[in-house]
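Trainee: My structure file structure11.csv, CSV, C-alpha atoms, is below:
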chain,number,residue,atom,x,y,z
Q,1,MET,CA,101.3,72.5,99.9
Q,2,THR,CA,104.9,73.5,100.2
Q,3,ILE,CA,106.7,73.8,103.5
Q,4,ALA,CA,106.7,77.5,103.1
Q,5,ASP,CA,103.0,77.6,102.6
Q,6,PHE,CA,102.4,75.5,105.7
Q,7,ASP,CA,104.7,77.8,107.7
Q,8,ASP,CA,102.8,80.8,106.5
Q,9,GLU,CA,99.4,79.3,107.4
Q,10,LEU,CA,100.7,78.3,110.8
Q,11,GLU,CA,101.9,81.9,111.5
Q,12,VAL,CA,98.5,83.3,110.4
Q,13,ALA,CA,96.7,80.9,112.7
Q,14,TRP,CA,98.8,81.8,115.7
Q,15,ARG,CA,98.4,85.5,114.9
Q,16,ARG,CA,94.6,85.2,114.8
Q,17,TYR,CA,94.7,83.2,118.0
Q,18,ARG,CA,96.9,85.9,119.7
Q,19,ILE,CA,94.5,88.7,118.6
Q,20,ASP,CA,91.4,86.8,119.7
Q,21,LEU,CA,93.0,86.0,123.1
Q,22,ALA,CA,93.9,89.7,123.7
Q,23,ASP,CA,90.4,90.7,122.9
Q,24,ARG,CA,88.9,88.2,125.2
Q,25,VAL,CA,91.3,89.1,128.1
Q,26,ALA,CA,90.6,92.8,127.6
Q,27,GLY,CA,86.8,92.1,128.0
Q,28,LEU,CA,87.1,90.1,131.2
Q,29,PRO,CA,84.9,91.4,134.1
Q,30,PRO,CA,86.4,91.4,137.6
Q,31,GLY,CA,86.4,88.0,139.2
Q,32,ASP,CA,86.0,86.1,135.9
Q,33,GLU,CA,88.7,83.8,134.4
Q,34,LEU,CA,89.6,82.6,131.0
Q,35,VAL,CA,91.2,79.2,130.9
Q,36,VAL,CA,93.6,78.1,128.1
Q,37,SER,CA,93.6,74.3,127.9
Q,38,ALA,CA,95.3,71.8,125.6
Q,39,ILE,CA,93.3,69.0,124.0
Q,40,PRO,CA,94.7,65.5,124.8
Q,41,VAL,CA,96.6,64.0,122.0
Q,42,ASP,CA,94.7,60.7,122.5
Q,43,GLY,CA,91.4,62.5,121.9
Q,44,GLY,CA,90.1,62.3,125.4
Q,45,SER,CA,87.5,64.8,126.7
Q,46,ASP,CA,89.5,66.0,129.7
Q,47,ALA,CA,91.5,69.0,128.6
Q,48,HIS,CA,94.7,70.0,130.5
Q,49,PRO,CA,94.4,73.6,131.8
Q,50,LEU,CA,97.9,75.2,131.0
Q,51,MET,CA,97.2,78.8,132.0
Q,52,THR,CA,94.5,81.1,133.4
Q,53,CYS,CA,93.9,84.8,132.5
Q,54,SER,CA,92.0,87.0,134.9
Q,55,LEU,CA,91.4,90.6,136.0
Q,56,THR,CA,92.8,91.1,139.5
Q,57,GLY,CA,91.4,93.3,142.2
Q,58,SER,CA,93.9,96.0,141.4
Q,59,ARG,CA,92.6,96.2,137.8
Q,60,ARG,CA,95.6,94.4,136.4
Q,61,TYR,CA,95.3,91.7,133.8
Q,62,ARG,CA,97.2,88.5,134.8
Q,63,CYS,CA,98.2,85.4,133.0
Q,64,ARG,CA,99.1,82.5,135.4
Q,65,VAL,CA,100.9,79.4,134.2
Q,66,HIS,CA,100.1,76.4,136.3
Q,67,ALA,CA,103.4,75.0,137.5
Q,68,THR,CA,101.8,71.5,137.9
Q,69,GLU,CA,101.6,71.4,134.1
Q,70,LEU,CA,105.4,71.8,133.7
Q,71,ALA,CA,107.4,68.6,133.1
Q,72,ASP,CA,108.2,66.6,136.3
Q,73,ASP,CA,111.6,65.5,134.9
Q,74,ASP,CA,114.9,67.1,134.0
Q,75,ARG,CA,113.1,69.3,131.4
Q,76,ARG,CA,111.4,71.4,134.2
Q,77,PRO,CA,114.3,73.8,134.9
Q,78,ALA,CA,114.6,74.6,131.2
Q,79,GLN,CA,110.9,75.3,130.9
Q,80,ALA,CA,111.0,77.5,134.0
Q,81,ARG,CA,113.9,79.5,132.5
Q,82,LEU,CA,111.9,79.9,129.2
Q,83,LEU,CA,108.9,81.3,131.1
Q,84,GLN,CA,111.2,83.8,132.9
Q,85,ASP,CA,112.9,84.8,129.6
Q,86,LEU,CA,109.5,85.4,128.2
Q,87,GLY,CA,108.8,88.0,130.9
Q,88,MET,CA,107.0,85.9,133.6
Q,89,ARG,CA,107.9,85.8,137.3
Q,90,SER,CA,107.7,83.0,139.7
Q,91,LEU,CA,105.3,83.4,142.7
Q,92,ARG,CA,106.9,82.9,146.1
Q,93,ARG,CA,104.3,80.2,147.0
Q,94,PRO,CA,104.5,76.5,147.4
Q,95,ASP,CA,102.7,76.0,144.1
Q,96,GLY,CA,105.4,77.9,142.3
Q,97,ASP,CA,103.1,79.2,139.6
Q,98,PHE,CA,104.4,81.8,137.1
Q,99,VAL,CA,102.5,85.0,136.3
Q,100,VAL,CA,102.8,88.1,134.2
Q,101,ASP,CA,100.7,91.3,134.9
Q,102,THR,CA,99.9,94.1,132.5
Q,103,GLY,CA,97.5,97.1,132.2
Q,104,LYS,CA,94.6,97.0,129.8
Q,105,ARG,CA,96.6,98.9,127.1
Q,106,GLN,CA,99.2,96.1,127.2
Q,107,VAL,CA,97.0,93.0,126.9
Q,108,ASP,CA,98.5,92.4,123.5
Q,109,ARG,CA,101.9,91.9,125.2
Q,110,LEU,CA,100.3,89.5,127.7
Q,111,SER,CA,98.7,87.6,124.8
Q,112,ALA,CA,102.0,87.4,122.9
Q,113,ILE,CA,103.8,86.0,126.0
Q,114,ALA,CA,101.0,83.4,126.5
Q,115,VAL,CA,101.3,82.3,122.8
Q,116,ALA,CA,105.1,82.2,123.0
Q,117,ALA,CA,104.8,80.0,126.1
Q,118,LEU,CA,102.3,77.6,124.4
Q,119,ARG,CA,104.6,77.2,121.4
Q,120,GLU,CA,108.0,77.1,123.2
Q,121,VAL,CA,107.2,75.5,126.6
Q,122,TRP,CA,104.5,73.0,125.7
Q,123,GLU,CA,105.4,72.9,122.0
Q,124,VAL,CA,101.7,73.3,120.9
Q,125,VAL,CA,101.9,73.1,117.1
Q,126,HIS,CA,98.7,74.8,116.1
Q,127,PRO,CA,95.8,76.6,117.9
Q,128,ALA,CA,93.6,73.7,116.8
Q,129,PHE,CA,95.2,71.7,119.6
Q,130,LEU,CA,93.9,74.1,122.2
Q,131,ARG,CA,90.4,74.0,123.8
Q,132,PRO,CA,88.5,77.2,122.8
Q,133,PRO,CA,88.1,79.5,125.9
Q,134,SER,CA,84.3,79.3,125.6
Q,135,ASP,CA,81.6,76.9,124.3
Q,136,GLU,CA,82.6,77.5,120.7
Q,137,ALA,CA,83.2,74.6,118.4
Q,138,ILE,CA,86.8,73.7,117.8
Q,139,PRO,CA,88.0,75.3,114.6
Q,140,GLY,CA,88.7,73.1,111.7
Q,141,GLU,CA,91.9,72.9,109.7
Q,142,PRO,CA,92.8,76.3,108.1
Q,143,ALA,CA,91.7,76.6,104.5
Q,144,ILE,CA,94.2,77.4,101.8
Q,145,GLU,CA,93.1,80.3,99.8
Q,146,LEU,CA,94.1,80.4,96.1
Q,147,ALA,CA,95.6,83.5,94.7
Q,148,THR,CA,96.1,84.6,91.1
Q,149,LEU,CA,99.4,85.5,89.5
Q,150,ALA,CA,98.9,88.5,87.2
Q,151,TYR,CA,101.1,88.6,84.1
Q,152,ASP,CA,100.9,92.4,83.5
Q,153,SER,CA,99.1,95.5,84.7
Q,154,THR,CA,96.2,95.0,82.3
Q,155,GLN,CA,95.4,91.6,83.8
Q,156,LEU,CA,95.8,93.0,87.3
Q,157,LEU,CA,93.4,95.8,86.6
Q,158,GLY,CA,90.9,93.3,85.3
Q,159,LEU,CA,91.2,91.2,88.5
Q,160,VAL,CA,90.7,94.4,90.6
Q,161,VAL,CA,87.6,95.3,88.7
Q,162,GLU,CA,86.1,91.8,89.0
Q,163,ALA,CA,86.9,91.8,92.8
Q,164,LEU,CA,85.3,95.2,93.3
Q,165,GLN,CA,82.2,94.3,91.4
Q,166,GLU,CA,81.8,91.2,93.6
Q,167,LEU,CA,82.3,93.4,96.7
Q,168,VAL,CA,79.9,96.2,95.9
Q,169,GLY,CA,77.5,94.4,93.6
Q,170,VAL,CA,77.4,97.1,90.9
Q,171,PRO,CA,79.5,97.6,87.7
Q,172,VAL,CA,82.8,99.3,88.3
Q,173,GLN,CA,83.9,101.9,85.7
Q,174,VAL,CA,87.5,102.4,84.5
Q,175,ASP,CA,88.2,106.0,83.3
Q,176,ARG,CA,90.2,106.9,80.1
Q,177,HIS,CA,93.4,107.0,82.2
Q,178,GLY,CA,93.0,103.3,83.2
Q,179,GLU,CA,92.1,104.3,86.7
Q,180,ILE,CA,89.1,103.5,88.9
Q,181,PRO,CA,87.5,106.4,90.8
Q,182,LEU,CA,86.9,105.6,94.4
Q,183,PRO,CA,83.8,106.9,96.3
Q,184,THR,CA,85.9,108.4,99.2
Q,185,ASP,CA,84.9,111.4,101.2
Q,186,PRO,CA,85.8,114.3,101.9
Q,187,VAL,CA,88.3,114.1,98.9
Q,188,LYS,CA,88.2,112.1,95.7
Q,189,SER,CA,90.7,109.4,95.1
Q,190,TRP,CA,91.6,106.8,92.5
Q,191,LEU,CA,92.9,103.2,92.2
Q,192,ARG,CA,95.4,102.4,89.5
Q,193,PRO,CA,97.8,99.6,88.7
Q,194,ILE,CA,101.5,100.3,88.8
Q,195,HIS,CA,103.1,99.3,85.5
Q,196,ASP,CA,106.6,98.3,86.6
Q,197,VAL,CA,105.8,96.2,89.7
Q,198,ALA,CA,103.0,93.8,90.7
Q,199,ALA,CA,101.0,96.3,92.8
Q,200,ILE,CA,98.1,98.6,92.7
Q,201,GLU,CA,98.0,102.1,94.3
Q,202,CYS,CA,95.3,104.3,95.8
Q,203,TYR,CA,96.2,107.9,95.4
Q,204,THR,CA,94.7,111.4,95.9
Q,205,ILE,CA,95.7,115.1,95.7
Q,206,LEU,CA,95.1,116.7,99.1
Q,207,THR,CA,95.8,120.3,98.3
Q,208,ASP,CA,96.1,122.8,95.5
Q,209,GLN,CA,99.3,124.9,95.2
Q,210,VAL,CA,101.0,125.2,98.6
Q,211,SER,CA,104.1,126.9,100.0
Q,212,GLY,CA,106.8,124.4,99.1
Q,213,SER,CA,109.1,124.7,102.0
Q,214,GLY,CA,106.4,125.0,104.7
Q,215,ALA,CA,104.5,122.0,103.3
Q,216,ALA,CA,107.8,120.0,102.9
Q,217,GLU,CA,108.6,120.5,106.5
Q,218,PHE,CA,105.1,119.2,107.5
Q,219,VAL,CA,105.4,116.2,105.2
Q,220,ALA,CA,108.9,115.3,106.4
Q,221,ALA,CA,108.0,115.7,110.1
Q,222,ASN,CA,104.6,114.0,110.0
Q,223,GLY,CA,104.8,111.3,107.3
Q,224,ARG,CA,105.1,108.4,109.8
Q,225,ARG,CA,101.9,109.3,111.6
Q,226,TRP,CA,100.0,107.3,109.0
Q,227,PRO,CA,101.6,103.9,108.5
Q,228,GLY,CA,101.4,102.6,105.0
Q,229,ILE,CA,100.6,106.0,103.6
Q,230,CYS,CA,103.1,107.9,101.5
Q,231,LEU,CA,102.9,111.7,101.4
Q,232,SER,CA,104.8,113.7,98.8
Q,233,ILE,CA,104.8,117.1,97.1
Q,234,GLU,CA,104.7,117.1,93.3
Q,235,ASP,CA,104.2,120.2,91.2
Q,236,GLY,CA,103.5,122.2,94.4
Q,237,ARG,CA,100.6,120.0,95.5
Q,238,VAL,CA,100.5,117.5,98.3
Q,239,HIS,CA,99.8,113.9,97.2
Q,240,ALA,CA,99.0,110.9,99.3
Q,241,SER,CA,99.2,107.2,98.1
Q,242,HIS,CA,98.9,103.7,99.5
Q,243,ARG,CA,100.4,100.8,97.7
Q,244,ILE,CA,98.8,97.3,97.8
Q,245,GLU,CA,101.2,94.6,96.9
Q,246,CYS,CA,99.7,92.1,94.4
Q,247,SER,CA,102.5,89.6,93.6
Q,248,ALA,CA,99.7,87.0,94.1
Q,249,PHE,CA,96.4,88.7,93.8
Q,250,HIS,CA,93.6,87.9,96.3
Q,251,PRO,CA,90.4,89.9,96.9
Q,252,ALA,CA,91.0,89.8,100.7
Q,253,ASN,CA,94.3,91.7,100.2
Q,254,LEU,CA,92.5,94.3,98.1
Q,255,THR,CA,89.7,94.7,100.7
Q,256,ALA,CA,92.2,95.1,103.5
Q,257,GLY,CA,94.1,97.7,101.6
Q,258,LEU,CA,91.0,99.7,100.7
Q,259,GLU,CA,89.9,99.7,104.4
Q,260,ILE,CA,93.3,101.3,105.3
Q,261,TRP,CA,92.9,103.9,102.6
Q,262,ASP,CA,89.3,104.7,103.4
Q,263,SER,CA,90.2,105.2,107.1
Q,264,PHE,CA,93.1,107.5,106.2
Q,265,ILE,CA,90.9,109.6,103.8
Q,266,HIS,CA,88.1,109.9,106.4
Q,267,GLU,CA,90.3,110.6,109.4
Q,268,ALA,CA,93.3,112.5,108.1
Q,269,ALA,CA,92.8,114.0,104.6
Q,270,THR,CA,91.1,117.2,105.8
Q,271,GLU,CA,93.7,117.8,108.6
Q,272,ILE,CA,96.6,117.3,106.2
Q,273,GLY,CA,95.1,119.6,103.6
Q,274,LEU,CA,94.5,122.4,106.0
Q,275,ARG,CA,97.9,122.1,107.7
Q,276,CYS,CA,99.8,122.0,104.5
Q,277,SER,CA,97.8,124.9,103.0
Q,278,SER,CA,98.4,127.0,106.1
Q,279,ALA,CA,102.0,125.9,106.6
Q,280,ARG,CA,104.5,128.7,106.3
Q,281,PRO,CA,108.3,128.4,106.0
Q,282,ARG,CA,110.2,129.4,109.0
Q,283,PRO,CA,111.9,132.8,108.8
Q,284,SER,CA,115.1,132.3,106.9
Q,285,PRO,CA,118.4,134.0,107.9
Q,286,THR,CA,120.1,136.6,105.7
Q,287,GLY,CA,121.6,135.2,102.6
Q,288,SER,CA,119.0,132.3,102.5
Q,289,ASP,CA,120.0,131.5,98.8
Q,290,GLU,CA,123.4,130.4,100.0
Q,291,MET,CA,123.8,126.7,100.7
Q,292,PRO,CA,123.7,125.9,104.5
Q,293,ALA,CA,126.9,124.8,106.0
Q,294,GLY,CA,127.3,121.0,105.9
Q,295,LEU,CA,124.7,120.4,103.1
Q,296,ASP,CA,127.4,119.9,100.6
Q,297,GLY,CA,128.4,116.8,102.5
Q,298,VAL,CA,124.9,115.4,102.1
Q,299,LEU,CA,124.8,116.3,98.4
Q,300,ALA,CA,128.2,114.5,97.9
Q,301,LEU,CA,126.7,111.3,99.4
Q,302,VAL,CA,123.4,111.4,97.7
Q,303,ASP,CA,122.9,111.0,93.9
Q,304,GLU,CA,120.1,109.7,91.7
Q,305,ARG,CA,121.4,106.2,91.7
Q,306,SER,CA,121.8,105.8,95.5
Q,307,GLU,CA,119.7,106.3,98.6
Q,308,PRO,CA,121.9,105.9,101.7
Q,309,ASP,CA,120.2,104.8,104.9
Q,310,GLY,CA,118.6,107.4,107.1
Q,311,MET,CA,121.1,107.2,110.0
Q,312,THR,CA,124.0,107.8,107.7
Q,313,ILE,CA,122.5,111.0,106.4
Q,314,ALA,CA,121.5,112.0,110.0
Q,315,ALA,CA,125.1,111.6,111.1
Q,316,LEU,CA,126.2,114.1,108.4
Q,317,CYS,CA,123.5,116.4,109.9
Q,318,ARG,CA,125.0,115.9,113.4
Q,319,TYR,CA,121.8,114.0,114.5
Q,320,ASP,CA,120.2,117.4,114.7
Q,321,GLU,CA,116.5,117.8,113.7
Q,322,THR,CA,116.8,121.5,113.3
Q,323,THR,CA,119.7,121.1,110.9
Q,324,ILE,CA,117.8,118.5,108.8
Q,325,LEU,CA,114.7,120.8,108.6
Q,326,GLY,CA,117.0,123.7,107.5
Q,327,TYR,CA,118.4,121.5,104.7
Q,328,LEU,CA,114.9,120.5,103.7
Q,329,ARG,CA,113.9,124.2,103.5
Q,330,HIS,CA,116.8,125.0,101.3
Q,331,CYS,CA,116.3,122.1,99.0
Q,332,ALA,CA,112.5,122.8,98.7
Q,333,GLN,CA,113.4,126.4,97.7
Q,334,GLN,CA,115.9,125.3,95.1
Q,335,SER,CA,113.4,122.7,93.7
Q,336,ASN,CA,110.7,125.4,93.4
Q,337,ARG,CA,113.2,127.8,91.8
Q,338,CYS,CA,114.2,125.2,89.2
Q,339,ARG,CA,110.5,124.5,88.3
Q,340,VAL,CA,109.8,128.2,87.9
Q,341,ASP,CA,112.9,128.5,85.6
Q,342,GLU,CA,111.8,125.4,83.7
Q,343,LYS,CA,108.4,127.0,82.9
Q,344,ALA,CA,110.0,130.2,81.9
Q,345,CYS,CA,112.3,128.4,79.5
Q,346,ARG,CA,109.5,126.5,77.9
Q,347,GLN,CA,107.5,129.7,77.4
Q,348,ILE,CA,110.4,131.2,75.3
Q,349,GLY,CA,111.0,127.9,73.5
Q,350,ASP,CA,114.3,126.9,75.0
Q,351,ALA,CA,113.6,123.2,75.4
Q,352,ASP,CA,117.1,122.1,76.2
Q,353,GLU,CA,117.5,124.6,79.1
Q,354,ALA,CA,114.0,123.7,80.3
Q,355,GLU,CA,114.9,120.0,80.4
Q,356,HIS,CA,118.1,120.9,82.3
Q,357,ARG,CA,116.1,122.8,84.9
Q,358,ALA,CA,113.6,119.9,85.2
Q,359,GLU,CA,116.4,117.5,85.8
Q,360,GLU,CA,117.9,119.7,88.5
Q,361,ALA,CA,114.5,120.0,90.2
Q,362,ARG,CA,114.3,116.2,90.2
Q,363,GLU,CA,117.7,116.0,91.8
Q,364,TRP,CA,116.6,118.4,94.6
Q,365,ARG,CA,113.4,116.4,95.2
Q,366,HIS,CA,115.5,113.2,95.5
Q,367,VAL,CA,117.7,114.9,98.2
Q,368,ILE,CA,114.4,116.0,99.9
Q,369,ARG,CA,113.3,112.3,100.1
Q,370,CYS,CA,116.6,111.2,101.5
Q,371,LEU,CA,116.5,114.0,104.2
Q,372,GLY,CA,113.0,112.9,105.0
Q,373,THR,CA,114.3,109.4,105.5
Q,374,ALA,CA,117.0,110.8,107.9
Q,375,LEU,CA,114.4,112.7,109.9
Q,376,ARG,CA,112.3,109.5,110.3
Q,377,ALA,CA,115.3,107.5,111.3
Q,378,LEU,CA,116.3,110.0,113.9
Q,379,ASP,CA,112.7,110.0,115.2
Q,380,ASP,CA,112.8,106.2,115.4
Q,381,ALA,CA,116.1,106.3,117.3
Q,382,GLN,CA,114.6,108.8,119.8
Q,383,ASN,CA,111.5,106.6,120.3
Q,384,HIS,CA,113.6,103.6,121.0
Q,385,ARG,CA,115.3,105.4,123.8
Q,386,ARG,CA,112.0,106.4,125.4
Q,387,PRO,CA,110.1,104.1,127.8
Q,388,GLU,CA,108.0,101.6,125.8
Q,389,SER,CA,104.6,103.2,125.0
Q,390,SER,CA,101.5,101.2,125.7
Q,391,GLY,CA,98.4,100.8,123.6
Q,392,HIS,CA,95.9,98.0,122.9
Q,393,ASP,CA,97.0,97.8,119.2
Q,394,HIS,CA,97.1,94.5,117.5
Q,395,THR,CA,100.4,94.0,115.9
Q,396,THR,CA,101.0,91.5,113.1
Any chance you could put this one into structure tokens?
Mentor:
Amino acid sequence: MTIADFDDELEVAWRRYRIDLADRVAGLPPGDELVVSAIPVDGGSDAHPLMTCSLTGSRRYRCRVHATELADDDRRPAQARLLQDLGMRSLRRPDGDFVVDTGKRQVDRLSAIAVAALREVWEVVHPAFLRPPSDEAIPGEPAIELATLAYDSTQLLGLVVEALQELVGVPVQVDRHGEIPLPTDPVKSWLRPIHDVAAIECYTILTDQVSGSGAAEFVAANGRRWPGICLSIEDGRVHASHRIECSAFHPANLTAGLEIWDSFIHEAATEIGLRCSSARPRPSPTGSDEMPAGLDGVLALVDERSEPDGMTIAALCRYDETTILGYLRHCAQQSNRCRVDEKACRQIGDADEAEHRAEEAREWRHVIRCLGTALRALDDAQNHRRPESSGHDHTT
């Protein structure tokens, strides 16, 4: 095992411990306590209680660090500062214990502070050196799972088929396009390898032909609602995809990716399809074919070979969401116009002009993607200025 492998396994172990601790704390009944104790290095049976988690009478979840477990030498002031830096406060009592209180939706934050204290204050190397908070057996050393390096997309597809057959217990069929139909509902979807990178992709088509500009506004404004899912408009239809990285293939990664995809299809596919199909472009001002003021600056910055960061493009749009949406509307109109012209040229046999129009449409779609990045960057910046939202969501 390399040092990097060990570090990765260590982080995975602590992440699992943090999630388990948050779940246990969230399930505490009033008056009950959960004690986090360290196992003595000498192997003795008496564990040292380092901290206690409980539900207070005011329905607040509290993690208390016992000051008696801090060092009784010159290291104590540094340990106290560490606890305060992590977000704990010292009680004004003779015992000098440190506490942090949160609501139920922030127990993940409480758990993260507790884990940070274990690692930084007491320098606990691995959760295996902690006494389980119940009568469970102490977990053994983490097992190293072996992954497979696929040489090409054909081998990767074979590994995927083998893993799926092991998972579902029935033969898995690959269609003539080299794709695997997935039994998703309410829309069909497929799984396919990506030929130029070590990854596989779940994808689906959520709508038939839609209004380009109205659907583009919805996709640009709502794309971040579903983390890990990419929404796009191709040939006038709304597509959704989810990429599963497979630089080193392991069935567990495939299973986790498919769970994300199945949840998205089940919970959001119908909503996206209905909203994009019913989306209508906002009324355009007179002379809508004319380029909006300021868009030329964005076009000068963006080309096929570059994709500036979102905040740079947002700055050219004066950090104004309405301006970005106006640019998106214009670009979608131009892209659709180019596609219509391309089809007309192909019908009359003018292949050169058709290819020129197709290239122009691709350029407009690239600008649309860059403007979508700017819109999401602007949304992120606004969220960071708001009070921190709470939610009992496990972060990794």
Trainee: Restricting the calculation to all atoms listed in the file, which member of Q:Gly57, Q:Pro127, Q:Pro292, Q:Gly87 is positioned closest to Q:Ser37?
Mentor: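 Selected residue with least distance to Q:Ser37: Q:Pro127.
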Trainee: Atom CA of Q:Ala198 and atom CA of Q:Thr184, how far apart in Å?
Mentor: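 Atom CA of Q:Thr184 sits 24.0 Å away from atom CA of Q:Ala198.
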Trainee: Applying 8 Å and only C-alpha atoms, which residues near Q:Ile265 remain after dropping the ones on its own chain fewer than 4 positions away? List them as number ranges by chain.
Mentor: Q: 184-187, 261, 269-270
Trainee: Counting only C-alpha atoms, what is within 9 Å of stretch 50-54 of chain Q, bar same-chain residues fewer than 4 positions away, as a list of chain:residue names?
Mentor: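 The filter keeps Q:Val25, Q:Leu28, Q:Pro29, Q:Pro30, Q:Gly31, Q:Asp32, Q:Glu33, Q:Leu34, Q:Val35, Q:Val36, Q:Ser37, Q:Ala38, Q:Arg60, Q:Tyr61, Q:Arg62, Q:Cys63, Q:Arg64, Q:Val65, Q:His66, Q:Ala67, Q:Thr68, Q:Glu69, Q:Leu70, Q:Ala114, Q:Leu118, Q:Trp122.
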Trainee: Within 8 Å of (115.2, 119.9, 103.2) (coordinates as in the file), grab all the protein and nucleic acid residues, counting only C-alpha atoms, and write them out as a ChimeraX atom specification.
Mentor: /Q:213,216-217,324-332,367-368,371-372
Trainee: Could you please determine the separation between atom CA of Q:Ile260 and atom CA of Q:Cys202 in Å, to one decimal place?
Mentor: 10.2 Å
Trainee: What is the distance between atom CA of Q:Tyr203 and atom CA of Q:Cys246, in Å to one decimal?
Mentor: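 Answer for the atom CA of Q:Tyr203 to atom CA of Q:Cys246 separation: 16.2 Å.
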Trainee: Select, from Q:Ala344, Q:Val197, Q:Leu130, Q:Ala116, the residue with the minimum atom-to-atom distance to Q:Ala150, counting all atoms listed in the file.
Mentor: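 Comparing Q:Ala344, Q:Val197, Q:Leu130, Q:Ala116 against Q:Ala150, the winner is Q:Val197.
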Trainee: Taking (112.2, 128.2, 87.0) in the file's coordinates as the center, which residues reach within 12 Å of it, counting all atoms listed in the file, put as a count of residues only?
Mentor: 24
Trainee: Find, counting all atoms listed in the file, the residue in Q:Ala22, Q:Leu149, Q:Met88, Q:Leu375 that gets nearest to Q:Arg224.
Mentor: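 Going through Q:Ala22, Q:Leu149, Q:Met88, Q:Leu375 one by one, the smallest distance to Q:Arg224 is for Q:Leu375.
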Trainee: So which one's closest to Q:Asp296, Q:Leu191, Q:Cys317, Q:Met311, Q:Leu91? Using only C-alpha atoms, please.
Mentor: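 Between Q:Leu191, Q:Cys317, Q:Met311, Q:Leu91, the residue approaching Q:Asp296 most closely is Q:Cys317.
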Trainee: Counting only C-alpha atoms, figure out which residue out of Q:Val298, Q:Arg109, Q:Ala252, Q:Pro77 gets nearest to Q:Thr323.
Mentor: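 Nearest candidate to Q:Thr323 out of Q:Val298, Q:Arg109, Q:Ala252, Q:Pro77: Q:Val298.
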Trainee: Could stretch 177-188 of chain Q be completed with N, CA, C and O atoms and written as a short mmCIF file (atom, residue, chain, number, x, y, z; two decimals), in the coordinates of the input, please?
Mentor:
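File out_12.cif, as written:
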data_model
loop_
_atom_site.label_atom_id
_atom_site.label_comp_id
_atom_site.auth_asym_id
_atom_site.auth_seq_id
_atom_site.Cartn_x
_atom_site.Cartn_y
_atom_site.Cartn_z
N HIS Q 177 92.02 107.09 81.73
CA HIS Q 177 93.40 107.00 82.20
C HIS Q 177 93.75 105.58 82.67
O HIS Q 177 94.87 105.34 83.12
N GLY Q 178 92.78 104.67 82.62
CA GLY Q 178 93.00 103.30 83.20
C GLY Q 178 92.96 103.29 84.66
O GLY Q 178 93.58 102.41 85.28
N GLU Q 179 92.21 104.21 85.28
CA GLU Q 179 92.10 104.30 86.70
C GLU Q 179 90.67 104.14 87.17
O GLU Q 179 89.74 104.42 86.40
N ILE Q 180 90.49 103.69 88.40
CA ILE Q 180 89.10 103.50 88.90
C ILE Q 180 88.84 104.54 89.98
O ILE Q 180 89.52 104.63 91.01
N PRO Q 181 87.86 105.41 89.75
CA PRO Q 181 87.50 106.40 90.80
C PRO Q 181 86.92 105.70 92.01
O PRO Q 181 86.10 104.78 91.89
N LEU Q 182 87.35 106.14 93.17
CA LEU Q 182 86.90 105.60 94.40
C LEU Q 182 85.92 106.54 95.11
O LEU Q 182 86.17 107.75 95.13
N PRO Q 183 84.83 106.03 95.70
CA PRO Q 183 83.80 106.90 96.30
C PRO Q 183 84.24 107.33 97.74
O PRO Q 183 83.56 107.04 98.72
N THR Q 184 85.40 108.00 97.85
CA THR Q 184 85.90 108.40 99.20
C THR Q 184 85.43 109.83 99.47
O THR Q 184 85.16 110.63 98.57
N ASP Q 185 85.37 110.13 100.74
CA ASP Q 185 84.90 111.40 101.20
C ASP Q 185 85.80 111.80 102.43
O ASP Q 185 86.11 110.93 103.25
N PRO Q 186 86.28 113.04 102.53
CA PRO Q 186 85.80 114.30 101.90
C PRO Q 186 86.61 114.61 100.58
O PRO Q 186 86.34 115.65 99.99
N VAL Q 187 87.59 113.82 100.15
CA VAL Q 187 88.30 114.10 98.90
C VAL Q 187 88.16 112.93 97.96
O VAL Q 187 87.97 111.79 98.38
N LYS Q 188 88.26 113.20 96.68
CA LYS Q 188 88.20 112.10 95.70
C LYS Q 188 89.54 111.41 95.65
O LYS Q 188 90.59 111.98 95.93
#
